[in-house]
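Chemist: One file is attached below, start.txt, containing compact mmCIF, C-alpha atoms.
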# COMPACT_ATOMS: atom_id res chain seq x y z
CA MET A 120 154.98 -156.53 -262.92
CA SER A 121 151.28 -156.97 -262.52
CA LYS A 122 149.49 -160.15 -261.55
CA ASN A 123 148.44 -162.41 -264.41
CA TRP A 124 144.88 -163.51 -264.92
CA PRO A 125 144.51 -167.12 -263.80
CA LEU A 126 143.74 -170.00 -266.14
CA TRP A 127 140.24 -171.51 -266.30
CA GLU A 128 139.00 -174.73 -267.86
CA VAL A 129 135.82 -174.51 -269.91
CA PHE A 130 133.14 -177.22 -270.13
CA VAL A 131 130.20 -176.88 -272.50
CA ARG A 132 126.92 -178.77 -272.79
CA SER A 133 126.09 -178.68 -276.48
CA LYS A 134 122.43 -179.57 -275.97
CA ASN A 135 120.13 -180.88 -273.28
CA GLY A 136 120.52 -184.59 -272.84
CA LEU A 137 124.28 -184.46 -273.34
CA GLU A 138 126.96 -184.02 -270.68
CA HIS A 139 129.22 -181.01 -270.35
CA ARG A 140 132.40 -181.71 -272.28
CA HIS A 141 135.84 -180.13 -271.90
CA PHE A 142 136.24 -177.52 -274.67
CA GLY A 143 139.50 -175.82 -273.75
CA SER A 144 140.81 -173.15 -271.44
CA LEU A 145 141.20 -169.40 -271.17
CA HIS A 146 142.47 -166.66 -268.89
CA ALA A 147 140.12 -164.42 -266.89
CA ALA A 148 140.27 -162.32 -263.74
CA ASP A 149 137.29 -164.02 -262.08
CA ALA A 150 134.59 -166.61 -262.62
CA GLU A 151 132.12 -164.18 -264.12
CA MET A 152 134.60 -162.95 -266.70
CA ALA A 153 135.67 -166.53 -267.42
CA LEU A 154 132.04 -167.38 -268.20
CA GLU A 155 131.63 -164.36 -270.48
CA ASN A 156 134.90 -165.02 -272.29
CA ALA A 157 134.02 -168.70 -272.67
CA ARG A 158 130.78 -167.64 -274.35
CA ASP A 159 132.75 -165.57 -276.89
CA VAL A 160 135.66 -167.94 -277.41
CA TYR A 161 133.94 -171.33 -277.48
CA THR A 162 130.29 -170.81 -278.45
CA ARG A 163 130.22 -168.39 -281.38
CA ARG A 164 128.22 -170.84 -283.52
CA ASN A 165 125.58 -172.32 -281.26
CA GLU A 166 127.98 -174.90 -279.84
CA GLY A 167 126.46 -174.71 -276.40
CA ILE A 168 123.49 -174.06 -274.17
CA SER A 169 125.30 -174.29 -270.84
CA ILE A 170 128.84 -173.51 -269.72
CA TRP A 171 130.86 -174.49 -266.65
CA VAL A 172 134.15 -172.82 -265.81
CA ILE A 173 136.55 -173.91 -263.11
CA GLU A 174 139.92 -172.48 -262.22
CA SER A 175 142.48 -174.93 -263.55
CA LYS A 176 144.40 -175.10 -260.28
CA ASN A 177 141.34 -176.71 -258.64
CA ILE A 178 141.49 -179.77 -260.85
CA THR A 179 143.35 -182.80 -259.52
CA ALA A 180 144.47 -185.07 -262.33
CA SER A 181 145.86 -188.58 -262.36
CA ASN A 182 149.42 -188.98 -263.55
CA PRO A 183 150.01 -191.08 -266.69
CA GLU A 184 153.02 -192.58 -264.90
CA ASN A 185 150.55 -194.32 -262.58
CA ASN A 186 148.39 -195.61 -265.38
CA GLY A 187 149.59 -199.16 -264.80
CA GLU A 188 148.49 -199.45 -261.19
CA LEU A 189 145.37 -197.36 -261.78
CA PHE A 190 143.91 -198.89 -264.90
CA GLU A 191 145.51 -202.23 -265.64
CA PRO A 192 143.72 -204.13 -262.84
CA ALA A 193 140.50 -203.71 -264.83
CA GLN A 194 141.97 -205.53 -267.81
CA ASP A 195 141.89 -209.04 -266.34
CA LYS A 196 138.42 -208.69 -264.85
CA ILE A 197 136.71 -209.90 -267.95
CA TYR A 198 133.89 -211.35 -265.82
CA ARG A 199 132.59 -207.77 -265.58
CA HIS A 200 131.52 -208.00 -269.20
CA PRO A 201 128.40 -209.84 -270.41
CA THR A 202 130.33 -211.77 -273.07
CA PHE A 203 132.18 -213.68 -270.30
CA TYR A 204 129.08 -215.78 -269.60
CA ASP A 205 128.24 -218.86 -271.67
CA LEU A 206 124.61 -219.17 -272.64
CA PRO A 207 122.91 -221.59 -275.03
CA ASP A 208 121.99 -220.04 -278.38
CA GLU A 209 118.30 -220.76 -277.78
CA VAL A 210 118.09 -218.19 -274.98
CA LYS A 211 116.44 -215.05 -276.25
CA HIS A 212 116.27 -211.51 -274.88
CA MET A 213 119.31 -211.71 -272.62
CA MET B 50 167.32 -191.17 -265.70
CA SER B 51 170.14 -192.93 -267.51
CA GLU B 52 170.75 -192.32 -271.19
CA GLU B 53 169.62 -195.85 -271.95
CA GLN B 54 166.34 -195.34 -270.11
CA ILE B 55 165.70 -192.13 -272.04
CA LYS B 56 166.48 -193.86 -275.33
CA ASN B 57 164.04 -196.57 -274.36
CA LEU B 58 161.31 -194.04 -273.55
CA GLU B 59 161.98 -192.25 -276.82
CA ASN B 60 161.57 -195.47 -278.77
CA GLN B 61 158.30 -196.24 -277.03
CA PHE B 62 157.17 -192.70 -277.74
CA GLU B 63 157.97 -192.89 -281.45
CA ALA B 64 156.18 -196.24 -281.63
CA ARG B 65 153.05 -194.73 -280.08
CA ILE B 66 152.99 -192.00 -282.71
CA ALA B 67 153.61 -194.51 -285.47
CA ARG B 68 150.54 -196.43 -284.19
CA ASP B 69 148.55 -193.16 -284.52
CA GLU B 70 148.12 -192.85 -280.77
CA LYS B 71 147.71 -189.30 -279.52
CA ILE B 72 150.06 -187.69 -277.04
CA GLU B 73 148.38 -185.82 -274.17
CA PRO B 74 149.87 -183.04 -272.01
CA LYS B 75 150.94 -185.08 -269.01
CA ASP B 76 152.44 -187.94 -271.02
CA TRP B 77 156.19 -188.30 -271.15
CA MET B 78 157.61 -186.71 -274.29
CA PRO B 79 161.09 -185.97 -275.61
CA GLU B 80 162.19 -182.42 -274.85
CA LYS B 81 162.61 -181.79 -278.58
CA TYR B 82 158.98 -182.77 -279.21
CA ARG B 83 157.85 -180.32 -276.55
CA LYS B 84 160.02 -177.49 -277.85
CA THR B 85 159.09 -178.04 -281.50
CA HIS B 86 155.42 -178.02 -280.60
CA ILE B 87 155.70 -174.87 -278.54
CA ARG B 88 157.47 -173.24 -281.47
CA GLN B 89 155.00 -174.30 -284.13
CA MET B 90 151.81 -173.86 -282.10
CA SER B 91 152.79 -170.45 -280.77
CA GLN B 92 153.87 -169.32 -284.22
CA HIS B 93 150.46 -170.42 -285.42
CA ALA B 94 148.70 -168.57 -282.58
CA HIS B 95 150.74 -165.41 -283.19
CA SER B 96 149.79 -165.54 -286.88
CA GLU B 97 146.10 -165.59 -285.98
CA ILE B 98 146.50 -162.63 -283.64
CA VAL B 99 148.67 -160.51 -285.95
CA GLY B 100 146.43 -161.62 -288.84
CA MET B 101 143.62 -159.55 -287.33
CA LEU B 102 145.51 -156.31 -287.97
CA PRO B 103 145.50 -156.06 -291.79
CA GLU B 104 141.77 -156.85 -291.88
CA GLY B 105 140.84 -154.76 -288.87
CA ASN B 106 142.01 -151.89 -291.04
CA TRP B 107 138.88 -152.22 -293.21
CA ILE B 108 136.10 -152.98 -290.71
CA THR B 109 134.99 -149.37 -290.37
CA ARG B 110 135.16 -148.86 -294.14
CA ALA B 111 133.40 -152.01 -295.35
CA PRO B 112 131.14 -151.06 -298.28
CA SER B 113 127.91 -152.47 -296.82
CA LEU B 114 126.47 -153.77 -293.56
CA ARG B 115 126.52 -157.31 -294.97
CA ARG B 116 130.24 -157.04 -295.67
CA LYS B 117 130.88 -155.39 -292.33
CA VAL B 118 129.24 -158.04 -290.14
CA ALA B 119 131.03 -160.76 -292.10
CA LEU B 120 134.44 -159.14 -291.77
CA LEU B 121 133.84 -158.43 -288.10
CA ALA B 122 132.89 -162.07 -287.52
CA LYS B 123 135.95 -163.25 -289.42
CA VAL B 124 138.32 -161.09 -287.39
CA GLN B 125 136.62 -162.24 -284.19
CA ASP B 126 137.15 -165.85 -285.31
CA GLU B 127 140.83 -165.13 -285.76
CA ALA B 128 141.04 -163.86 -282.18
CA GLY B 129 139.28 -167.07 -281.14
CA HIS B 130 141.68 -169.23 -283.15
CA GLY B 131 144.62 -167.49 -281.55
CA LEU B 132 143.13 -168.19 -278.11
CA TYR B 133 142.46 -171.90 -278.82
CA LEU B 134 146.04 -172.25 -279.97
CA TYR B 135 147.62 -170.32 -277.10
CA SER B 136 145.64 -172.48 -274.66
CA ALA B 137 146.76 -175.65 -276.40
CA CYS B 138 150.34 -174.39 -276.31
CA GLU B 139 150.14 -173.63 -272.59
CA THR B 140 149.41 -177.31 -271.89
CA LEU B 141 153.10 -177.86 -272.68
CA GLY B 142 154.12 -175.87 -269.62
CA VAL B 143 154.81 -172.48 -271.14
CA THR B 144 152.86 -169.45 -269.84
CA ARG B 145 150.78 -167.07 -271.94
CA ASN B 146 153.03 -164.22 -270.87
CA GLU B 147 156.15 -166.00 -272.05
CA LEU B 148 154.48 -166.57 -275.41
CA TYR B 149 153.48 -162.90 -275.73
CA GLU B 150 156.96 -161.87 -274.69
CA GLN B 151 158.46 -164.01 -277.46
CA LEU B 152 156.16 -162.40 -280.02
CA HIS B 153 156.71 -158.85 -278.81
CA SER B 154 160.49 -159.18 -278.63
CA GLY B 155 160.63 -160.61 -282.15
CA LYS B 156 162.00 -163.93 -280.92
CA ALA B 157 158.93 -165.78 -282.19
CA LYS B 158 157.78 -165.51 -285.79
CA TYR B 159 154.34 -165.20 -287.31
CA SER B 160 153.23 -165.79 -290.86
CA SER B 161 155.13 -163.35 -293.10
CA ILE B 162 152.05 -162.66 -295.22
CA PHE B 163 150.62 -160.33 -292.58
CA ASN B 164 153.47 -157.92 -293.18
CA TYR B 165 151.91 -156.80 -296.44
CA PRO B 166 149.61 -153.76 -296.48
CA THR B 167 145.87 -153.82 -297.18
CA VAL B 168 145.47 -150.79 -299.40
CA THR B 169 142.07 -151.35 -301.03
CA TRP B 170 138.79 -153.06 -300.15
CA ALA B 171 139.62 -155.74 -302.74
CA ASP B 172 142.43 -156.84 -300.42
CA MET B 173 139.75 -158.18 -298.05
CA GLY B 174 138.57 -160.36 -300.89
CA ALA B 175 142.06 -161.50 -301.86
CA ILE B 176 143.04 -162.29 -298.27
CA GLY B 177 139.95 -164.39 -297.61
CA TRP B 178 140.22 -166.20 -300.91
CA LEU B 179 143.99 -166.71 -301.15
CA VAL B 180 145.47 -166.33 -297.67
CA ASP B 181 142.73 -168.26 -295.90
CA GLY B 182 142.70 -170.70 -298.81
CA ALA B 183 146.40 -171.40 -298.34
CA ALA B 184 145.91 -171.57 -294.57
CA ILE B 185 143.20 -174.22 -294.94
CA ILE B 186 145.48 -176.36 -297.09
CA ASN B 187 148.10 -176.10 -294.37
CA GLN B 188 145.71 -176.70 -291.50
CA VAL B 189 143.46 -179.54 -292.56
CA PRO B 190 146.22 -182.18 -292.22
CA LEU B 191 146.95 -180.83 -288.72
CA CYS B 192 143.57 -182.06 -287.47
CA ASN B 193 145.32 -185.46 -287.35
CA THR B 194 148.55 -184.36 -285.75
CA SER B 195 149.97 -186.39 -282.87
CA TYR B 196 149.61 -183.85 -280.06
CA GLY B 197 146.03 -184.10 -278.77
CA PRO B 198 145.39 -180.48 -277.72
CA TYR B 199 146.77 -179.17 -281.01
CA ALA B 200 144.70 -181.60 -283.07
CA ARG B 201 141.52 -180.69 -281.16
CA ALA B 202 142.17 -176.96 -281.59
CA MET B 203 142.74 -177.48 -285.30
CA VAL B 204 139.46 -179.35 -285.75
CA ARG B 205 137.65 -176.32 -284.40
CA VAL B 206 139.75 -173.88 -286.44
CA CYS B 207 139.17 -175.76 -289.70
CA LYS B 208 135.41 -175.92 -289.16
CA GLU B 209 135.32 -172.14 -288.90
CA GLU B 210 137.84 -171.33 -291.59
CA SER B 211 135.81 -172.27 -294.65
CA PHE B 212 133.42 -169.35 -294.13
CA HIS B 213 136.46 -167.07 -294.25
CA GLN B 214 137.51 -168.26 -297.66
CA ARG B 215 134.01 -168.16 -299.08
CA GLN B 216 133.36 -164.62 -297.88
CA GLY B 217 136.63 -163.52 -299.52
CA TYR B 218 135.89 -165.21 -302.81
CA GLU B 219 132.40 -163.69 -302.80
CA ILE B 220 133.93 -160.22 -302.49
CA MET B 221 136.15 -161.01 -305.49
CA ILE B 222 133.19 -162.31 -307.54
CA LYS B 223 131.25 -159.11 -306.91
CA LEU B 224 134.17 -156.88 -307.82
CA ALA B 225 135.13 -158.94 -310.87
CA ASN B 226 131.56 -158.64 -312.17
CA GLY B 227 131.30 -154.94 -311.32
CA THR B 228 132.38 -151.77 -313.11
CA PRO B 229 135.73 -151.73 -314.96
CA GLU B 230 137.23 -149.88 -311.97
CA GLN B 231 135.97 -152.56 -309.58
CA LYS B 232 137.32 -155.34 -311.77
CA GLU B 233 140.63 -153.51 -311.87
CA LEU B 234 140.67 -153.40 -308.06
CA ALA B 235 140.13 -157.16 -307.92
CA GLN B 236 142.88 -157.87 -310.45
CA ASP B 237 145.26 -155.52 -308.66
CA ALA B 238 144.64 -157.28 -305.33
CA LEU B 239 145.23 -160.69 -306.95
CA ASN B 240 148.46 -159.36 -308.49
CA ARG B 241 149.75 -158.24 -305.12
CA TRP B 242 148.61 -161.24 -302.99
CA TRP B 243 149.31 -164.14 -305.34
CA TRP B 244 153.05 -164.51 -304.81
CA PRO B 245 153.05 -163.84 -301.06
CA SER B 246 150.30 -166.51 -300.77
CA LEU B 247 152.53 -169.05 -302.51
CA MET B 248 155.40 -168.11 -300.19
CA MET B 249 153.11 -168.53 -297.21
CA LEU B 250 153.23 -172.30 -297.69
CA GLY B 251 156.85 -172.17 -296.63
CA PRO B 252 160.31 -172.54 -298.15
CA THR B 253 160.94 -175.22 -300.78
CA ASP B 254 161.44 -178.75 -299.49
CA ALA B 255 165.17 -178.47 -300.13
CA GLU B 256 165.35 -175.42 -297.84
CA SER B 257 162.93 -176.56 -295.17
CA ILE B 258 164.96 -177.56 -292.12
CA HIS B 259 162.20 -178.93 -289.92
CA THR B 260 160.30 -181.06 -292.43
CA GLU B 261 161.73 -184.51 -291.76
CA GLN B 262 161.26 -184.51 -287.99
CA SER B 263 157.86 -182.85 -288.31
CA MET B 264 156.67 -185.52 -290.72
CA LYS B 265 157.63 -188.22 -288.24
CA TRP B 266 155.63 -186.53 -285.49
CA LYS B 267 152.73 -185.93 -287.86
CA LEU B 268 153.10 -182.21 -287.27
CA LYS B 269 153.26 -182.16 -291.01
CA ARG B 270 151.62 -184.65 -293.37
CA LYS B 271 152.62 -183.15 -296.72
CA SER B 272 155.73 -181.23 -297.79
CA ASN B 273 155.64 -177.48 -298.50
CA ASP B 274 156.07 -178.04 -302.23
CA ASP B 275 153.19 -180.53 -302.36
CA LEU B 276 150.94 -178.14 -300.44
CA ARG B 277 151.90 -175.30 -302.76
CA GLN B 278 151.12 -177.36 -305.85
CA GLN B 279 147.76 -178.32 -304.37
CA PHE B 280 146.98 -174.67 -303.68
CA ILE B 281 147.89 -173.58 -307.21
CA ASP B 282 145.95 -176.40 -308.85
CA GLN B 283 142.79 -175.61 -306.95
CA THR B 284 143.04 -171.80 -307.15
CA VAL B 285 143.80 -171.25 -310.85
CA PRO B 286 140.37 -172.48 -312.02
CA GLN B 287 138.72 -170.29 -309.37
CA ALA B 288 140.47 -167.24 -310.84
CA GLU B 289 139.48 -168.23 -314.38
CA LEU B 290 135.87 -168.68 -313.34
CA ILE B 291 135.58 -165.03 -312.37
CA GLY B 292 137.70 -163.72 -315.25
CA LEU B 293 140.82 -162.77 -313.30
CA THR B 294 144.35 -163.51 -314.46
CA ILE B 295 147.00 -165.12 -312.27
CA PRO B 296 150.05 -162.83 -312.45
CA ASP B 297 152.46 -165.53 -313.64
CA ALA B 298 153.57 -165.63 -317.29
CA ASP B 299 155.00 -169.13 -316.81
CA LEU B 300 151.79 -170.64 -315.45
CA LYS B 301 150.81 -173.52 -317.73
CA TRP B 302 148.78 -176.71 -317.40
CA ASN B 303 151.06 -179.73 -317.56
CA GLU B 304 149.05 -182.57 -319.04
CA GLU B 305 151.58 -185.20 -318.07
CA ARG B 306 151.76 -184.22 -314.40
CA GLY B 307 148.08 -183.33 -314.20
CA SER B 308 149.16 -180.11 -312.48
CA TYR B 309 150.10 -176.54 -313.27
CA ASP B 310 153.71 -175.59 -313.90
CA PHE B 311 154.47 -172.21 -312.42
CA GLY B 312 157.14 -169.52 -312.44
CA GLU B 313 160.03 -168.86 -310.12
CA ILE B 314 159.14 -167.61 -306.64
CA ASN B 315 161.15 -164.65 -305.37
CA TRP B 316 162.58 -166.25 -302.25
CA ASP B 317 164.79 -163.26 -301.51
CA GLU B 318 161.65 -161.28 -300.91
CA PHE B 319 160.32 -164.03 -298.63
CA TRP B 320 163.45 -164.12 -296.48
CA GLN B 321 163.58 -160.33 -296.33
CA VAL B 322 160.04 -160.22 -294.96
CA VAL B 323 160.72 -163.08 -292.52
CA LYS B 324 163.76 -161.22 -291.25
CA GLY B 325 161.68 -158.16 -290.49
CA HIS B 326 162.15 -156.04 -293.60
CA GLY B 327 158.67 -156.42 -295.12
CA PRO B 328 156.50 -153.40 -295.83
CA CYS B 329 154.58 -153.57 -292.53
CA ASN B 330 156.65 -155.60 -290.02
CA LYS B 331 157.26 -152.57 -287.80
CA GLU B 332 153.72 -151.29 -288.04
CA ARG B 333 152.28 -154.70 -287.06
CA MET B 334 154.55 -155.09 -284.06
CA ASN B 335 153.95 -151.53 -282.91
CA ALA B 336 150.19 -152.10 -283.07
CA ARG B 337 150.45 -155.40 -281.22
CA VAL B 338 152.82 -154.21 -278.48
CA GLY B 339 150.85 -150.97 -278.16
CA ALA B 340 147.60 -152.89 -277.62
CA TRP B 341 149.26 -155.08 -274.98
CA GLU B 342 150.85 -152.22 -273.10
CA GLY B 343 147.86 -149.92 -273.46
CA GLY B 344 145.64 -152.66 -272.05
CA GLU B 345 147.76 -153.28 -268.99
CA TRP B 346 145.76 -150.98 -266.71
CA VAL B 347 142.55 -152.75 -267.75
CA ARG B 348 144.00 -156.15 -266.91
CA ASP B 349 145.28 -154.85 -263.58
CA ALA B 350 141.95 -153.22 -262.74
CA ALA B 351 140.06 -156.44 -263.51
CA MET B 352 142.42 -158.40 -261.28
CA ALA B 353 142.13 -155.85 -258.44
CA HIS B 354 138.34 -155.94 -258.74
CA ALA B 355 138.30 -159.74 -258.64
CA GLU B 356 140.50 -159.79 -255.55
CA LYS B 357 138.42 -157.18 -253.78
CA LYS B 358 135.24 -159.14 -254.48
CA ALA B 359 136.83 -162.38 -253.29
CA ASN B 360 137.95 -160.73 -250.05
CA LYS B 361 134.51 -159.28 -249.47
CA ASN B 362 132.94 -162.73 -249.76
CA LEU B 363 135.58 -164.12 -247.45
CA ASN B 364 134.86 -161.45 -244.82
CA LYS B 365 131.15 -162.14 -245.05
CA ALA B 366 131.81 -165.82 -244.43
CA ILE B 367 133.82 -165.03 -241.31
Please rewrite the model in this file as structure tokens.

Modeler:
Amino acid sequence: MSKNWPLWEVFVRSKNGLEHRHFGSLHAADAEMALENARDVYTRRNEGISIWVIESKNITASNPENNGELFEPAQDKIYRHPTFYDLPDEVKHM
Amino acid sequence: MSEEQIKNLENQFEARIARDEKIEPKDWMPEKYRKTHIRQMSQHAHSEIVGMLPEGNWITRAPSLRRKVALLAKVQDEAGHGLYLYSACETLGVTRNELYEQLHSGKAKYSSIFNYPTVTWADMGAIGWLVDGAAIINQVPLCNTSYGPYARAMVRVCKEESFHQRQGYEIMIKLANGTPEQKELAQDALNRWWWPSLMMLGPTDAESIHTEQSMKWKLKRKSNDDLRQQFIDQTVPQAELIGLTIPDADLKWNEERGSYDFGEINWDEFWQVVKGHGPCNKERMNARVGAWEGGEWVRDAAMAHAEKKANKNLNKAI
């Protein structure tokens, strides 16, 4: 049984001024082939002007099971939002 | 995990879907949800890949350069759609090789329509118009399905699919307005593809075993019979517009329902084809397995080359 091509994640910048966004994944033997395949699979209709590929195994992801401890602490910190602060109506440009 | 805990998680899960929340790969999900999605998404991916074969048959014989580039682009799109869907499916923890293995061994199904032969150029028109037309009706509701990666893949697929249908219908228009022989080709293709296209939307609701659960998970938003009716109602006027006749003596506008009544579908034929006894089941699988096995040395060589290059860089670094 031969070795399988590894999995790569594809990120595409659709135009200058925008960030690269995750588009999907594909299999390729190496980075160069991943880039070429990404061009054919994900940008057949001018969807991109720049592509990043990264082997999927190099991505470390948070686990949804830890979402509580990771993300909930932000919920009660409403003082991080401008609407927390009371200002008189007469104040302009703030 | 105790049974009660699992039940609890399942309830929370169903509630999330009911609230229209999306499920992402690493979220907890019932095993049945995972399995059903692997089955449906891979079946969908296999259909795209096998779907290239009947059309690939005509690329070298397209009647003009315009038709040839369009058909080539369409078939390339289908490869792309298969790849989006395989990738989405792999997020559920199944490998690409397992998926191929299921297709090649006959364990996984693909759309039965691709087991019919493409004997004339007009078949390229009929497939684009009818088969892609039916596929769009099936696929548009899936852009809102509950599993995130599937929904995102479907958004991309649907955006690309409408060119497929239009290029097919354009072929039919040209033939229908051509010489009597050309018109005859168009009518013949419609005669052969009409009923299989209706079958493509799946067994009747009474026979469809997965519908109820799939509706709950938003893997399905409309029943097979509703989709079929929608397809018929929108396609009949398109046939009339170009002077072709739908091959159904019982087809009649029903004023009261605001829909077309139509004749009996030959479900025996459908089940025969699903079970592997269609006109081209063997040919399709031989082509597919042959391509996979014949390409093995290329995949191995690419891998060996990549490893050699990686080692070279490593040695340089040392």

Chemist: Could you check the closest approach to chain B for each of A:Glu184, A:Glu166, A:Glu174, A:Asp208 and tell me which residue wins, using all atoms listed in the file?

Modeler: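 Among A:Glu184, A:Glu166, A:Glu174, A:Asp208, it is A:Glu184 that comes nearest to chain B.
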
Chemist: Please identify all polymer residues within 9 Å of Gly167 in chain A, counting all atoms listed in the file, omitting same-chain residues fewer than 3 positions from it, and present them as a PyMOL selection string.

Modeler: chain A and resi 131-134+158+161-164+170

Chemist: I want to know what sits within 10 Å of range 224-238 of chain B, based on all atoms listed in the file, with residues of the same chain fewer than 4 positions away left out; could you give that as a PyMOL selection string?

Modeler: chain B and resi 167-176+218-220+242-243+288+291-296

Chemist: Take the residues just selected and output them with C-alpha atoms as a PDB file, keeping the file's coordinate frame.

Modeler:
ATOM      1  CA  THR B 167     145.870-153.820-297.180  1.00  0.00           C
ATOM      2  CA  VAL B 168     145.470-150.790-299.400  1.00  0.00           C
ATOM      3  CA  THR B 169     142.070-151.350-301.030  1.00  0.00           C
ATOM      4  CA  TRP B 170     138.790-153.060-300.150  1.00  0.00           C
ATOM      5  CA  ALA B 171     139.620-155.740-302.740  1.00  0.00           C
ATOM      6  CA  ASP B 172     142.430-156.840-300.420  1.00  0.00           C
ATOM      7  CA  MET B 173     139.750-158.180-298.050  1.00  0.00           C
ATOM      8  CA  GLY B 174     138.570-160.360-300.890  1.00  0.00           C
ATOM      9  CA  ALA B 175     142.060-161.500-301.860  1.00  0.00           C
ATOM     10  CA  ILE B 176     143.040-162.290-298.270  1.00  0.00           C
ATOM     11  CA  TYR B 218     135.890-165.210-302.810  1.00  0.00           C
ATOM     12  CA  GLU B 219     132.400-163.690-302.800  1.00  0.00           C
ATOM     13  CA  ILE B 220     133.930-160.220-302.490  1.00  0.00           C
ATOM     14  CA  TRP B 242     148.610-161.240-302.990  1.00  0.00           C
ATOM     15  CA  TRP B 243     149.310-164.140-305.340  1.00  0.00           C
ATOM     16  CA  ALA B 288     140.470-167.240-310.840  1.00  0.00           C
ATOM     17  CA  ILE B 291     135.580-165.030-312.370  1.00  0.00           C
ATOM     18  CA  GLY B 292     137.700-163.720-315.250  1.00  0.00           C
ATOM     19  CA  LEU B 293     140.820-162.770-313.300  1.00  0.00           C
ATOM     20  CA  THR B 294     144.350-163.510-314.460  1.00  0.00           C
ATOM     21  CA  ILE B 295     147.000-165.120-312.270  1.00  0.00           C
ATOM     22  CA  PRO B 296     150.050-162.830-312.450  1.00  0.00           C
TER      23      PRO B 296
END

Chemist: Pick out the chain A residues within 8 Å of chain B. Count all atoms listed in the file. Give them as an MDAnalysis selection string.

Modeler: chainID A and resid 121:124 143:145 148:149 159:161 182:184

Chemist: Return as AutoDock Vina command-line options the box centre and box size in Å, one decimal, for an axis-aligned box around all listed atoms of range 74-81 of chain B padded by 6 Å per side.

Modeler:
--center_x 156.2 --center_y -185.0 --center_z -273.8 --size_x 24.7 --size_y 18.5 --size_z 21.6

Chemist: One decimal, in Å: what's the spacing between CA of Glu342 in chain B and CA of Val322 in chain B?

Modeler: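 Pair CA of Glu342 in chain B / CA of Val322 in chain B returns 25.0 Å.
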
Chemist: Starting from the incomplete input, reconstruct all heavy atoms of range 164-168 of chain A and write that as a PDB file, in the coordinates of the input.

Modeler:
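Written out: rebuild.pdb:
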ATOM      1  N   ARG A 164     129.112-170.269-282.494  1.00  0.00           N
ATOM      2  CA  ARG A 164     128.220-170.840-283.520  1.00  0.00           C
ATOM      3  C   ARG A 164     127.262-171.855-282.920  1.00  0.00           C
ATOM      4  O   ARG A 164     127.167-172.980-283.385  1.00  0.00           O
ATOM      5  CB  ARG A 164     129.065-171.486-284.619  1.00  0.00           C
ATOM      6  CG  ARG A 164     129.779-170.468-285.494  1.00  0.00           C
ATOM      7  CD  ARG A 164     130.622-171.137-286.548  1.00  0.00           C
ATOM      8  NE  ARG A 164     131.202-170.178-287.475  1.00  0.00           N
ATOM      9  CZ  ARG A 164     132.264-169.430-287.201  1.00  0.00           C
ATOM     10  NH1 ARG A 164     132.849-169.530-286.030  1.00  0.00           N
ATOM     11  NH2 ARG A 164     132.725-168.588-288.098  1.00  0.00           N
ATOM     12  N   ASN A 165     126.584-171.450-281.900  1.00  0.00           N
ATOM     13  CA  ASN A 165     125.580-172.320-281.260  1.00  0.00           C
ATOM     14  C   ASN A 165     126.158-173.651-280.773  1.00  0.00           C
ATOM     15  O   ASN A 165     125.474-174.662-280.828  1.00  0.00           O
ATOM     16  CB  ASN A 165     124.417-172.636-282.209  1.00  0.00           C
ATOM     17  CG  ASN A 165     123.767-171.379-282.737  1.00  0.00           C
ATOM     18  OD1 ASN A 165     123.509-170.452-281.957  1.00  0.00           O
ATOM     19  ND2 ASN A 165     123.529-171.323-284.023  1.00  0.00           N
ATOM     20  N   GLU A 166     127.398-173.649-280.317  1.00  0.00           N
ATOM     21  CA  GLU A 166     127.980-174.900-279.840  1.00  0.00           C
ATOM     22  C   GLU A 166     127.480-175.294-278.471  1.00  0.00           C
ATOM     23  O   GLU A 166     127.732-176.414-278.017  1.00  0.00           O
ATOM     24  CB  GLU A 166     129.510-174.824-279.776  1.00  0.00           C
ATOM     25  CG  GLU A 166     130.208-174.765-281.120  1.00  0.00           C
ATOM     26  CD  GLU A 166     130.456-173.342-281.579  1.00  0.00           C
ATOM     27  OE1 GLU A 166     129.743-172.425-281.099  1.00  0.00           O
ATOM     28  OE2 GLU A 166     131.345-173.144-282.424  1.00  0.00           O
ATOM     29  N   GLY A 167     126.813-174.375-277.774  1.00  0.00           N
ATOM     30  CA  GLY A 167     126.460-174.710-276.400  1.00  0.00           C
ATOM     31  C   GLY A 167     125.194-174.057-275.906  1.00  0.00           C
ATOM     32  O   GLY A 167     124.743-173.050-276.443  1.00  0.00           O
ATOM     33  N   ILE A 168     124.631-174.684-274.841  1.00  0.00           N
ATOM     34  CA  ILE A 168     123.490-174.060-274.170  1.00  0.00           C
ATOM     35  C   ILE A 168     123.771-173.942-272.676  1.00  0.00           C
ATOM     36  O   ILE A 168     122.942-173.427-271.927  1.00  0.00           O
ATOM     37  CB  ILE A 168     122.190-174.855-274.400  1.00  0.00           C
ATOM     38  CG1 ILE A 168     122.416-176.329-274.039  1.00  0.00           C
ATOM     39  CG2 ILE A 168     121.696-174.757-275.821  1.00  0.00           C
ATOM     40  CD1 ILE A 168     121.370-176.836-273.140  1.00  0.00           C
TER      41      ILE A 168
END
